[in-house]
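S.K.: Below is final37.cif; it holds mmCIF, C-alpha atoms.
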data_entry
#
loop_
_atom_site.label_atom_id
_atom_site.label_comp_id
_atom_site.auth_asym_id
_atom_site.auth_seq_id
_atom_site.Cartn_x
_atom_site.Cartn_y
_atom_site.Cartn_z
CA MET A 1 169.97 97.25 92.12
CA PHE A 2 171.26 100.82 92.45
CA GLU A 3 174.33 100.67 90.20
CA PHE A 4 172.77 103.39 88.03
CA ILE A 5 173.68 105.89 90.77
CA LYS A 6 177.28 107.07 90.39
CA ILE A 7 178.99 108.00 93.64
CA ILE A 8 182.27 109.42 94.93
CA THR A 9 183.23 110.63 98.41
CA LEU A 10 185.82 113.40 98.75
CA ARG A 11 187.38 113.36 102.23
CA ALA A 12 188.87 116.76 103.00
CA THR A 13 191.32 117.54 105.81
CA TYR A 14 191.88 121.13 106.93
CA GLU A 15 194.23 122.54 109.59
CA CYS A 16 193.17 125.49 111.73
CA GLN A 17 195.60 128.41 111.48
CA GLU A 18 194.55 130.45 114.51
CA GLU A 19 192.67 130.32 117.78
CA GLY A 20 188.94 131.00 117.90
CA GLY A 21 185.40 129.67 118.20
CA LEU A 22 183.13 127.78 115.82
CA PRO A 23 179.68 126.19 116.19
CA ALA A 24 179.68 122.76 117.79
CA TYR A 25 177.99 121.35 114.68
CA LEU A 26 179.97 122.38 111.60
CA GLY A 27 177.82 120.94 108.81
CA SER A 28 175.94 124.18 108.15
CA THR A 29 179.13 126.26 108.35
CA ILE A 30 180.99 124.08 105.85
CA ARG A 31 178.06 123.97 103.44
CA GLY A 32 177.87 127.77 103.55
CA ILE A 33 181.58 128.13 102.78
CA LEU A 34 181.42 125.73 99.82
CA GLY A 35 178.30 127.47 98.56
CA HIS A 36 180.03 130.87 98.59
CA CYS A 37 183.02 129.38 96.72
CA LEU A 38 180.82 127.87 94.01
CA ARG A 39 178.66 130.96 93.72
CA ASP A 40 181.75 133.17 93.34
CA SER A 41 182.95 130.93 90.51
CA PHE A 42 179.75 130.43 88.51
CA CYS A 43 177.01 132.92 89.39
CA GLU A 44 176.60 135.64 86.75
CA TYR A 45 173.96 137.58 88.68
CA PRO A 46 174.87 137.42 92.40
CA ARG A 47 172.16 139.92 93.39
CA ARG A 48 169.35 137.71 92.09
CA ARG A 49 167.69 134.87 93.93
CA CYS A 50 168.38 131.62 92.07
CA TYR A 51 164.74 130.63 91.65
CA ARG A 52 164.02 133.97 89.94
CA CYS A 53 167.03 133.90 87.61
CA GLU A 54 166.44 133.13 83.92
CA ARG A 55 169.88 131.45 83.82
CA LYS A 56 169.13 128.93 86.58
CA ASP A 57 168.61 125.94 84.27
CA ALA A 58 172.09 126.37 82.77
CA CYS A 59 173.87 127.47 85.95
CA THR A 60 176.57 125.18 87.38
CA TYR A 61 176.03 126.60 90.87
CA VAL A 62 172.32 125.73 90.79
CA ARG A 63 172.87 122.35 89.17
CA CYS A 64 175.66 121.25 91.54
CA PHE A 65 174.78 122.97 94.79
CA SER A 66 171.46 124.75 95.07
CA ASN A 67 168.75 123.05 93.02
CA THR A 68 165.74 125.37 92.80
CA GLY A 69 163.20 122.63 92.07
CA GLY A 70 161.44 121.26 89.04
CA GLU A 71 160.02 117.86 88.19
CA ALA A 72 161.82 116.15 91.08
CA GLY A 73 161.65 118.98 93.56
CA ALA A 74 164.60 120.75 95.16
CA VAL A 75 167.00 117.89 95.87
CA ASN A 76 170.77 118.34 95.65
CA PRO A 77 173.35 115.74 94.56
CA TYR A 78 175.57 115.75 97.64
CA THR A 79 175.69 115.12 101.38
CA LEU A 80 178.12 116.18 104.11
CA TYR A 81 179.47 114.26 107.06
CA VAL A 82 181.77 115.97 109.57
CA HIS A 83 183.99 113.58 111.51
CA GLY A 84 184.04 114.15 115.23
CA GLY A 85 181.78 116.90 116.53
CA GLY A 86 180.99 119.05 119.52
CA LYS A 87 184.24 121.02 119.33
CA GLU A 88 183.75 124.76 119.78
CA ASN A 89 187.16 126.08 120.86
CA TRP A 90 189.76 125.78 118.11
CA LYS A 91 193.53 126.27 118.32
CA LYS A 92 196.25 126.52 115.70
CA GLY A 93 197.03 123.03 114.43
CA ASP A 94 193.61 121.51 115.18
CA VAL A 95 192.29 119.38 112.33
CA CYS A 96 188.84 119.32 110.71
CA ILE A 97 187.93 116.31 108.54
CA PHE A 98 184.71 115.96 106.60
CA ASP A 99 183.27 113.85 103.77
CA LEU A 100 181.56 115.37 100.75
CA THR A 101 179.66 112.57 99.00
CA LEU A 102 178.48 113.23 95.45
CA PHE A 103 175.76 111.37 93.55
CA GLY A 104 174.68 111.00 89.93
CA ASN A 105 175.37 114.09 87.85
CA GLY A 106 177.05 115.62 90.90
CA ALA A 107 179.62 112.82 90.97
CA GLU A 108 180.31 113.43 87.29
CA GLN A 109 181.12 117.06 88.21
CA ALA A 110 183.52 116.13 91.04
CA GLY A 111 186.16 118.55 89.73
CA VAL A 112 183.80 121.46 90.38
CA TYR A 113 183.49 120.49 94.04
CA LEU A 114 187.26 119.94 94.33
CA ASP A 115 187.83 123.51 93.16
CA ALA A 116 185.41 124.70 95.86
CA LEU A 117 187.26 122.69 98.53
CA ILE A 118 190.53 124.31 97.46
CA ALA A 119 188.99 127.79 97.40
CA ALA A 120 187.53 127.26 100.89
CA GLU A 121 190.93 127.88 102.49
CA GLN A 122 190.69 131.46 101.21
CA LYS A 123 187.46 131.98 103.16
CA GLY A 124 187.10 132.75 106.83
CA TRP A 125 185.18 130.04 108.70
CA GLY A 126 182.27 130.94 110.98
CA ALA A 127 181.40 134.31 112.49
CA ALA A 128 184.98 134.61 113.78
CA ARG A 129 186.29 134.12 110.19
CA LEU A 130 188.91 131.61 111.29
CA SER A 131 191.59 130.71 108.79
CA PHE A 132 191.95 127.05 107.71
CA ARG A 133 194.54 125.47 105.40
CA LEU A 134 193.63 122.54 103.13
CA ILE A 135 196.00 119.65 103.87
CA GLN A 136 194.62 117.00 101.55
CA VAL A 137 191.63 115.61 99.69
CA ILE A 138 191.41 111.85 99.20
CA GLU A 139 188.82 109.48 97.77
CA ALA A 140 187.37 107.97 100.93
CA GLU A 141 186.59 104.50 99.58
CA THR A 142 190.09 103.76 98.21
CA GLY A 143 192.27 106.26 100.06
CA ASN A 144 193.67 107.49 96.73
CA MET A 145 195.11 111.00 96.74
CA ILE A 146 193.21 113.68 94.85
CA TYR A 147 194.86 116.85 96.18
CA VAL A 148 197.94 117.30 98.41
CA ASP A 149 200.11 120.41 98.78
CA GLY A 150 198.93 122.05 95.57
CA LYS A 151 199.26 118.93 93.42
CA ARG A 152 196.18 117.26 91.92
CA TRP A 153 195.54 113.66 90.88
CA ILE A 154 192.52 114.22 88.63
CA CYS A 155 192.60 110.58 87.47
CA ASN A 156 191.38 109.60 90.96
CA LEU A 157 188.21 111.70 90.62
CA SER A 158 186.37 108.91 88.80
CA PRO A 159 182.98 108.03 90.35
CA ARG A 160 181.94 104.41 90.82
CA PRO A 161 178.57 102.66 90.63
CA LEU A 162 176.74 102.46 93.97
CA GLN A 163 176.95 98.72 94.59
CA ILE A 164 174.93 97.23 97.43
CA VAL A 165 175.51 93.70 98.74
CA GLU A 166 172.23 91.93 99.44
CA ARG A 167 171.89 89.90 102.64
CA ASN A 168 169.32 88.12 104.77
CA ALA A 169 168.37 89.79 108.03
CA SER A 170 165.78 89.39 110.76
CA TYR A 171 167.02 92.27 112.92
CA ALA A 172 168.39 95.68 111.98
CA ASN A 173 169.60 98.41 114.34
CA LEU A 174 169.92 101.97 113.02
CA PHE A 175 172.05 104.40 115.02
CA PHE A 176 171.72 108.09 114.04
CA ASP A 177 174.90 109.99 114.92
CA THR A 178 173.85 113.28 113.30
CA PRO A 179 170.57 115.17 113.80
CA LEU A 180 167.51 113.56 112.20
CA ARG A 181 164.63 115.68 110.92
CA ILE A 182 161.54 113.80 109.79
CA VAL A 183 158.75 116.34 109.66
CA SER A 184 155.10 115.86 108.74
CA GLY A 185 152.70 118.76 108.89
CA ASP A 186 155.39 120.93 110.52
CA LYS A 187 155.58 118.42 113.37
CA LEU A 188 158.80 116.62 114.25
CA PHE A 189 158.48 112.84 114.48
CA GLU A 190 157.93 111.18 117.88
CA LYS A 191 158.62 107.57 116.88
CA LEU A 192 160.03 105.95 113.75
CA PRO A 193 157.97 102.92 112.66
CA PHE A 194 159.57 100.95 109.85
CA ASP A 195 156.99 101.84 107.20
CA LEU A 196 157.57 105.56 107.86
CA LEU A 197 161.32 105.03 107.55
CA ILE A 198 160.93 103.21 104.23
CA GLN A 199 158.44 105.79 102.94
CA PHE A 200 160.94 108.62 103.44
CA LEU A 201 163.85 106.62 102.03
CA ILE A 202 161.86 105.65 98.91
CA ARG A 203 160.87 109.28 98.41
CA ARG A 204 164.44 110.53 98.67
CA ILE A 205 165.84 107.84 96.37
CA SER A 206 163.14 108.58 93.79
CA LEU A 207 163.68 112.35 93.93
CA LEU A 208 167.43 112.09 93.56
CA THR A 209 167.15 109.55 90.74
CA THR A 210 164.79 111.77 88.76
CA ALA A 211 166.76 114.98 89.34
CA HIS A 212 170.34 113.76 88.94
CA THR A 213 170.42 110.56 86.85
CA GLU A 214 169.13 109.49 83.45
CA PHE A 215 167.57 106.34 84.93
CA GLN A 216 163.82 105.78 85.24
CA LEU A 217 163.30 104.04 88.58
CA GLU A 218 160.28 101.76 88.77
CA TRP A 219 159.22 99.93 91.88
CA ASP A 220 156.07 98.85 93.68
CA GLU A 221 155.96 101.55 96.33
CA ALA A 222 152.54 100.52 97.66
CA GLY A 223 153.64 96.89 97.94
CA LEU A 224 156.87 97.82 99.69
CA LEU A 225 155.06 99.99 102.22
CA GLU A 226 152.54 97.22 102.87
CA GLU A 227 155.37 94.77 103.61
CA ALA A 228 157.20 97.41 105.66
CA GLY A 229 154.13 97.72 107.88
CA LYS A 230 154.72 94.12 109.01
CA ILE A 231 158.16 94.93 110.47
CA ARG A 232 158.08 95.39 114.24
CA THR A 233 159.86 98.01 116.32
CA ILE A 234 161.52 96.22 119.25
CA SER A 235 162.88 99.31 120.97
CA GLU A 236 163.92 102.88 120.19
CA TYR A 237 165.36 105.90 121.97
CA TRP A 238 165.31 109.53 120.82
CA ARG A 239 166.70 112.73 122.30
CA GLU A 240 165.54 116.08 120.93
CA ILE A 241 168.22 118.57 119.95
CA PRO A 242 167.50 122.29 119.54
CA PHE A 243 169.36 123.47 116.44
CA GLU A 244 169.46 126.70 114.50
CA ARG A 245 171.49 127.96 111.56
CA TYR A 246 171.90 131.22 109.71
CA SER A 247 169.38 131.87 106.94
CA MET A 248 169.43 134.87 104.62
CA ASN A 249 165.70 134.35 104.06
CA ARG A 250 164.75 134.99 107.70
CA LYS A 251 164.30 138.47 109.15
CA ASN A 252 166.38 137.68 112.23
CA GLY A 253 168.88 135.66 110.20
CA LYS A 254 168.14 132.46 112.12
CA LEU A 255 166.34 129.29 111.04
CA GLU A 256 165.31 126.88 113.79
CA LEU A 257 165.68 123.20 112.90
CA PRO A 258 164.62 121.04 115.85
CA SER A 259 165.81 117.47 115.37
CA LYS A 260 166.67 114.27 117.22
CA THR A 261 169.45 111.76 117.60
CA GLY A 262 168.99 108.19 118.78
CA TRP A 263 168.54 104.62 117.63
CA VAL A 264 165.88 102.11 116.66
CA LEU A 265 165.84 98.30 116.52
CA TYR A 266 163.58 96.49 114.03
CA GLU A 267 162.58 92.82 113.75
CA GLY A 268 160.98 90.93 110.85
CA ASP A 269 161.72 89.73 107.35
CA LEU A 270 164.09 92.56 106.46
CA SER A 271 165.96 90.95 103.55
CA THR A 272 163.90 92.74 100.89
CA PHE A 273 164.61 96.10 102.49
CA VAL A 274 168.37 95.74 103.04
CA PRO A 275 169.29 97.42 99.69
CA ILE A 276 167.07 100.41 100.50
CA LEU A 277 168.50 100.69 104.03
CA GLU A 278 172.05 100.50 102.67
CA VAL A 279 171.44 103.20 100.04
CA GLY A 280 170.01 105.34 102.82
CA ARG A 281 173.39 105.26 104.56
CA TYR A 282 174.74 107.28 101.64
CA LEU A 283 171.72 109.39 100.65
CA ARG A 284 170.58 110.00 104.26
CA LEU A 285 167.15 110.14 105.82
CA GLY A 286 164.91 113.16 106.35
CA LYS A 287 165.61 116.85 105.86
CA GLY A 288 168.97 118.61 106.02
CA ALA A 289 171.16 116.02 104.27
CA THR A 290 173.23 118.78 102.64
CA ILE A 291 174.37 120.03 106.07
CA GLY A 292 175.01 116.50 107.33
CA PHE A 293 171.69 115.57 108.91
CA GLY A 294 170.17 112.09 108.78
CA HIS A 295 173.41 110.05 108.78
CA TYR A 296 173.14 106.59 110.32
CA GLU A 297 175.12 103.40 110.82
CA ILE A 298 173.32 100.07 110.58
CA SER A 299 174.02 96.60 111.94
CA TYR A 300 172.28 93.27 111.25
CA ASP A 301 171.93 89.97 113.05
CA ARG A 302 173.69 88.08 110.20
#
How does this structure look as structure tokens?

M.R.:
Amino acid sequence: MFEFIKIITLRATYECQEEGGLPAYLGSTIRGILGHCLRDSFCEYPRRRCYRCERKDACTYVRCFSNTGGEAGAVNPYTLYVHGGGKENWKKGDVCIFDLTLFGNGAEQAGVYLDALIAAEQKGWGAARLSFRLIQVIEAETGNMIYVDGKRWICNLSPRPLQIVERNASYANLFFDTPLRIVSGDKLFEKLPFDLLIQFLIRRISLLTTAHTEFQLEWDEAGLLEEAGKIRTISEYWREIPFERYSMNRKNGKLELPSKTGWVLYEGDLSTFVPILEVGRYLRLGKGATIGFGHYEISYDR
């Protein structure tokens, strides 16, 4: 159903070279480092804001990392997932592993992101500007080597179609292990009924398809949401997390992003929705996917 979306996940492993402190949640830090690397490589007018630049439509940095909007809105063709989490005190020899998953046109430009991953070891990480050395980059699905000790295996940078196995299910449990931000009218969600979940997933899939593939996605959104309204929430638990990151667009340099982690259990005829739920595992749910938000694992009754 979603084979038109090309996908590849680059799993990068870095080794800390000195002692120091970093934020407990590294998604925003890593995204910022990769953004600086790509901007250094491709931006011709670094003093201009991207959305005001006449070169934005032809710019590799904008296309691959910082979409300024358009017909599909500002949606970018990648997500981050940092393994582990909560670590603030780093010592020499400590390891950081994260996944950079690329979609559509982004997956076709995987070499651009690999160059950024390699360049990231020349950047200081966090406010303390800690030094990290890139140990390896592998393709997460197969384990094939892409970069180790200065040697590249470019043949392993080939994206694959996003193949989803359909299944029957009457129960589905979604466990969110990174912050989730579903916001409506500037208000963070309180509960997550199934039709709201599907509404946001459909929107994200549609936006990404329009912006970063050549495929015209057609589906009965109204019909899907009507059927989604029949799915029951059995139980759910949410814990709010105060979160803030640096933003060059804020006067005080800080952007507050309140979010939640937790889980939700649904019951009903879920078989029709399994492909959408499975794609959501890759594309994520809600805001902040490019810094690792909205990642979930899902389990079914059969």

S.K.: Could you jot down the CA of Ser131 in chain A to CA of Asp149 in chain A separation for me, Å, one decimal place?

M.R.: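 CA of Asp149 in chain A lies at a distance of 16.7 Å from CA of Ser131 in chain A.
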
S.K.: What is the distance between CA of Pro242 in chain A and CA of Glu256 in chain A, in Å to one decimal?

M.R.: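 Computed distance, CA of Pro242 in chain A to CA of Glu256 in chain A, equals 7.7 Å.
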
S.K.: If we count only C-alpha atoms, what is near Glu218 in chain A at a cut-off of 12 Å, once residues fewer than 2 positions away on the same chain are taken out, given as number ranges by chain?

M.R.: A: 1-2, 202, 205-206, 209-210, 215-216, 220-222

S.K.: Running the PyMOL selection byres ((chain A and resi 21) around 6) on this model by hand, what would come out? Give it as a PyMOL selection string.

M.R.: chain A and resi 20+22+88-90

S.K.: Evaluated on this file, the PyMOL selection byres ((chain A and resi 244) around 6) picks out some residues - which ones are they, written as a VMD selection string?

M.R.: chain A and resid 243 245 255 to 257

S.K.: Could you save the residues just selected, with C-alpha atoms, as a compact mmCIF listing (two decimals), keeping the file's coordinate frame?

M.R.:
# COMPACT_ATOMS: atom_id res chain seq x y z
CA PHE A 243 169.36 123.47 116.44
CA ARG A 245 171.49 127.96 111.56
CA LEU A 255 166.34 129.29 111.04
CA GLU A 256 165.31 126.88 113.79
CA LEU A 257 165.68 123.20 112.90

S.K.: Report, as lines of an AutoDock Vina configuration file, the axis-aligned box around all atoms of range 146-155 of chain A present in the file, extended by 4 Å on each side; give centre and edge lengths in Å to one decimal place.

M.R.:
center_x = 196.3
center_y = 116.3
center_z = 93.1
size_x = 15.6
size_y = 19.5
size_z = 19.3

S.K.: Give one line per residue of range 48-146 of chain A that approaches range 272-289 of chain A to at most 8 Å, naming the two atoms of the closest pair and their distance in Å to one decimal, counting all atoms listed in the file; sort by chain then ascending residue number and deliver it as a tab-separated table.

M.R.:
residue	atom	partner	partner_atom	distance
A:Tyr78	CA	A:Ala289	CA	8.0
A:Thr79	CA	A:Ala289	CA	5.4
A:Leu80	CA	A:Ala289	CA	7.0
A:Thr101	CA	A:Tyr282	CA	7.7

S.K.: In Å to one decimal, how far is CA of Leu34 in chain A from CA of Asn67 in chain A?

M.R.: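 Taking CA of Asn67 in chain A as the start and CA of Leu34 in chain A as the end point, the length is 14.6 Å.
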
S.K.: Rank A:Leu100, A:Cys16, A:Ala107, A:Ile241 by their smallest atom-to-atom distance to His212 in chain A, using only C-alpha atoms, and report the top residue only.

M.R.: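 Under the stated criterion, the closest residue is A:Ala107.
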
S.K.: Taking the file as I've supplied it (selection: the PyMOL selection byres ((chain A and resi 148) around 10)), which residues are included? Please answer as a PDB file with C-alpha atoms, in the coordinates of the input.

M.R.:
ATOM      1  CA  THR A  13     191.320 117.540 105.810  1.00  0.00           C
ATOM      2  CA  LEU A 134     193.630 122.540 103.130  1.00  0.00           C
ATOM      3  CA  ILE A 135     196.000 119.650 103.870  1.00  0.00           C
ATOM      4  CA  GLN A 136     194.620 117.000 101.550  1.00  0.00           C
ATOM      5  CA  VAL A 137     191.630 115.610  99.690  1.00  0.00           C
ATOM      6  CA  ILE A 138     191.410 111.850  99.200  1.00  0.00           C
ATOM      7  CA  MET A 145     195.110 111.000  96.740  1.00  0.00           C
ATOM      8  CA  ILE A 146     193.210 113.680  94.850  1.00  0.00           C
ATOM      9  CA  TYR A 147     194.860 116.850  96.180  1.00  0.00           C
ATOM     10  CA  ASP A 149     200.110 120.410  98.780  1.00  0.00           C
ATOM     11  CA  GLY A 150     198.930 122.050  95.570  1.00  0.00           C
ATOM     12  CA  LYS A 151     199.260 118.930  93.420  1.00  0.00           C
ATOM     13  CA  ARG A 152     196.180 117.260  91.920  1.00  0.00           C
ATOM     14  CA  TRP A 153     195.540 113.660  90.880  1.00  0.00           C
TER      15      TRP A 153
END

S.K.: Using all atoms listed in the file, which residue out of A:Ala74, A:Val165, A:Leu192, A:Ala12 lies closest to Tyr51 in chain A?

M.R.: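 Selected residue with least distance to Tyr51 in chain A: A:Ala74.
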
S.K.: Please rebuild range 35-46 of chain A with all heavy atoms and give the result as an mmCIF file, in the coordinates of the input.

M.R.:
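Result went into part07.cif, see below:
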data_model
loop_
_atom_site.group_PDB
_atom_site.id
_atom_site.type_symbol
_atom_site.label_atom_id
_atom_site.label_comp_id
_atom_site.auth_asym_id
_atom_site.auth_seq_id
_atom_site.Cartn_x
_atom_site.Cartn_y
_atom_site.Cartn_z
ATOM 1 N N GLY A 35 179.277 126.767 99.379
ATOM 2 C CA GLY A 35 178.300 127.470 98.560
ATOM 3 C C GLY A 35 178.822 128.816 98.080
ATOM 4 O O GLY A 35 178.655 129.185 96.906
ATOM 5 N N HIS A 36 179.469 129.570 98.976
ATOM 6 C CA HIS A 36 180.030 130.870 98.590
ATOM 7 C C HIS A 36 181.117 130.686 97.531
ATOM 8 O O HIS A 36 181.196 131.472 96.576
ATOM 9 C CB HIS A 36 180.618 131.573 99.812
ATOM 10 C CG HIS A 36 179.604 132.254 100.673
ATOM 11 N ND1 HIS A 36 178.834 133.306 100.220
ATOM 12 C CD2 HIS A 36 179.221 132.030 101.954
ATOM 13 C CE1 HIS A 36 178.016 133.709 101.182
ATOM 14 N NE2 HIS A 36 178.232 132.949 102.246
ATOM 15 N N CYS A 37 181.944 129.625 97.687
ATOM 16 C CA CYS A 37 183.020 129.380 96.720
ATOM 17 C C CYS A 37 182.444 129.071 95.338
ATOM 18 O O CYS A 37 182.924 129.585 94.319
ATOM 19 C CB CYS A 37 183.911 128.245 97.196
ATOM 20 S SG CYS A 37 184.871 128.636 98.676
ATOM 21 N N LEU A 38 181.439 128.232 95.288
ATOM 22 C CA LEU A 38 180.820 127.870 94.010
ATOM 23 C C LEU A 38 180.080 129.056 93.394
ATOM 24 O O LEU A 38 180.132 129.275 92.179
ATOM 25 C CB LEU A 38 179.878 126.691 94.195
ATOM 26 C CG LEU A 38 180.543 125.335 94.353
ATOM 27 C CD1 LEU A 38 179.532 124.285 94.810
ATOM 28 C CD2 LEU A 38 181.182 124.886 93.051
ATOM 29 N N ARG A 39 179.396 129.796 94.235
ATOM 30 C CA ARG A 39 178.660 130.960 93.720
ATOM 31 C C ARG A 39 179.619 132.009 93.157
ATOM 32 O O ARG A 39 179.356 132.606 92.109
ATOM 33 C CB ARG A 39 177.799 131.554 94.843
ATOM 34 C CG ARG A 39 176.755 132.564 94.356
ATOM 35 C CD ARG A 39 175.881 132.995 95.519
ATOM 36 N NE ARG A 39 174.923 134.003 95.097
ATOM 37 C CZ ARG A 39 173.695 133.746 94.640
ATOM 38 N NH1 ARG A 39 173.292 132.499 94.557
ATOM 39 N NH2 ARG A 39 172.883 134.723 94.292
ATOM 40 N N ASP A 40 180.751 132.217 93.836
ATOM 41 C CA ASP A 40 181.750 133.170 93.340
ATOM 42 C C ASP A 40 182.275 132.754 91.968
ATOM 43 O O ASP A 40 182.583 133.603 91.130
ATOM 44 C CB ASP A 40 182.922 133.261 94.326
ATOM 45 C CG ASP A 40 182.547 133.963 95.622
ATOM 46 O OD1 ASP A 40 181.471 134.585 95.680
ATOM 47 O OD2 ASP A 40 183.342 133.871 96.578
ATOM 48 N N SER A 41 182.359 131.440 91.749
ATOM 49 C CA SER A 41 182.950 130.930 90.510
ATOM 50 C C SER A 41 181.963 130.948 89.337
ATOM 51 O O SER A 41 182.367 131.167 88.183
ATOM 52 C CB SER A 41 183.469 129.513 90.711
ATOM 53 O OG SER A 41 184.514 129.489 91.656
ATOM 54 N N PHE A 42 180.673 130.706 89.608
ATOM 55 C CA PHE A 42 179.750 130.430 88.510
ATOM 56 C C PHE A 42 178.554 131.374 88.390
ATOM 57 O O PHE A 42 177.930 131.430 87.328
ATOM 58 C CB PHE A 42 179.227 128.996 88.614
ATOM 59 C CG PHE A 42 180.303 127.957 88.490
ATOM 60 C CD1 PHE A 42 180.754 127.269 89.597
ATOM 61 C CD2 PHE A 42 180.871 127.688 87.259
ATOM 62 C CE1 PHE A 42 181.759 126.318 89.484
ATOM 63 C CE2 PHE A 42 181.869 126.739 87.126
ATOM 64 C CZ PHE A 42 182.320 126.049 88.246
ATOM 65 N N CYS A 43 178.212 132.080 89.448
ATOM 66 C CA CYS A 43 177.010 132.920 89.390
ATOM 67 C C CYS A 43 177.282 134.201 88.604
ATOM 68 O O CYS A 43 178.203 134.954 88.924
ATOM 69 C CB CYS A 43 176.530 133.256 90.807
ATOM 70 S SG CYS A 43 175.058 134.301 90.824
ATOM 71 N N GLU A 44 176.466 134.440 87.574
ATOM 72 C CA GLU A 44 176.600 135.640 86.750
ATOM 73 C C GLU A 44 175.806 136.821 87.305
ATOM 74 O O GLU A 44 176.066 137.973 86.945
ATOM 75 C CB GLU A 44 176.155 135.344 85.321
ATOM 76 C CG GLU A 44 176.991 134.278 84.631
ATOM 77 C CD GLU A 44 176.509 134.009 83.221
ATOM 78 O OE1 GLU A 44 175.728 134.839 82.678
ATOM 79 O OE2 GLU A 44 176.890 132.974 82.650
ATOM 80 N N TYR A 45 174.822 136.521 88.145
ATOM 81 C CA TYR A 45 173.960 137.580 88.680
ATOM 82 C C TYR A 45 173.816 137.391 90.204
ATOM 83 O O TYR A 45 172.771 136.950 90.687
ATOM 84 C CB TYR A 45 172.588 137.541 88.010
ATOM 85 C CG TYR A 45 172.648 137.630 86.506
ATOM 86 C CD1 TYR A 45 172.500 136.490 85.713
ATOM 87 C CD2 TYR A 45 172.869 138.855 85.882
ATOM 88 C CE1 TYR A 45 172.564 136.580 84.330
ATOM 89 C CE2 TYR A 45 172.939 138.955 84.496
ATOM 90 C CZ TYR A 45 172.781 137.801 83.732
ATOM 91 O OH TYR A 45 172.850 137.889 82.353
ATOM 92 N N PRO A 46 174.858 137.709 90.960
ATOM 93 C CA PRO A 46 174.870 137.420 92.400
ATOM 94 C C PRO A 46 173.785 138.138 93.201
ATOM 95 O O PRO A 46 173.465 137.721 94.316
ATOM 96 C CB PRO A 46 176.269 137.854 92.839
ATOM 97 C CG PRO A 46 176.736 138.810 91.786
ATOM 98 C CD PRO A 46 176.116 138.334 90.514
#
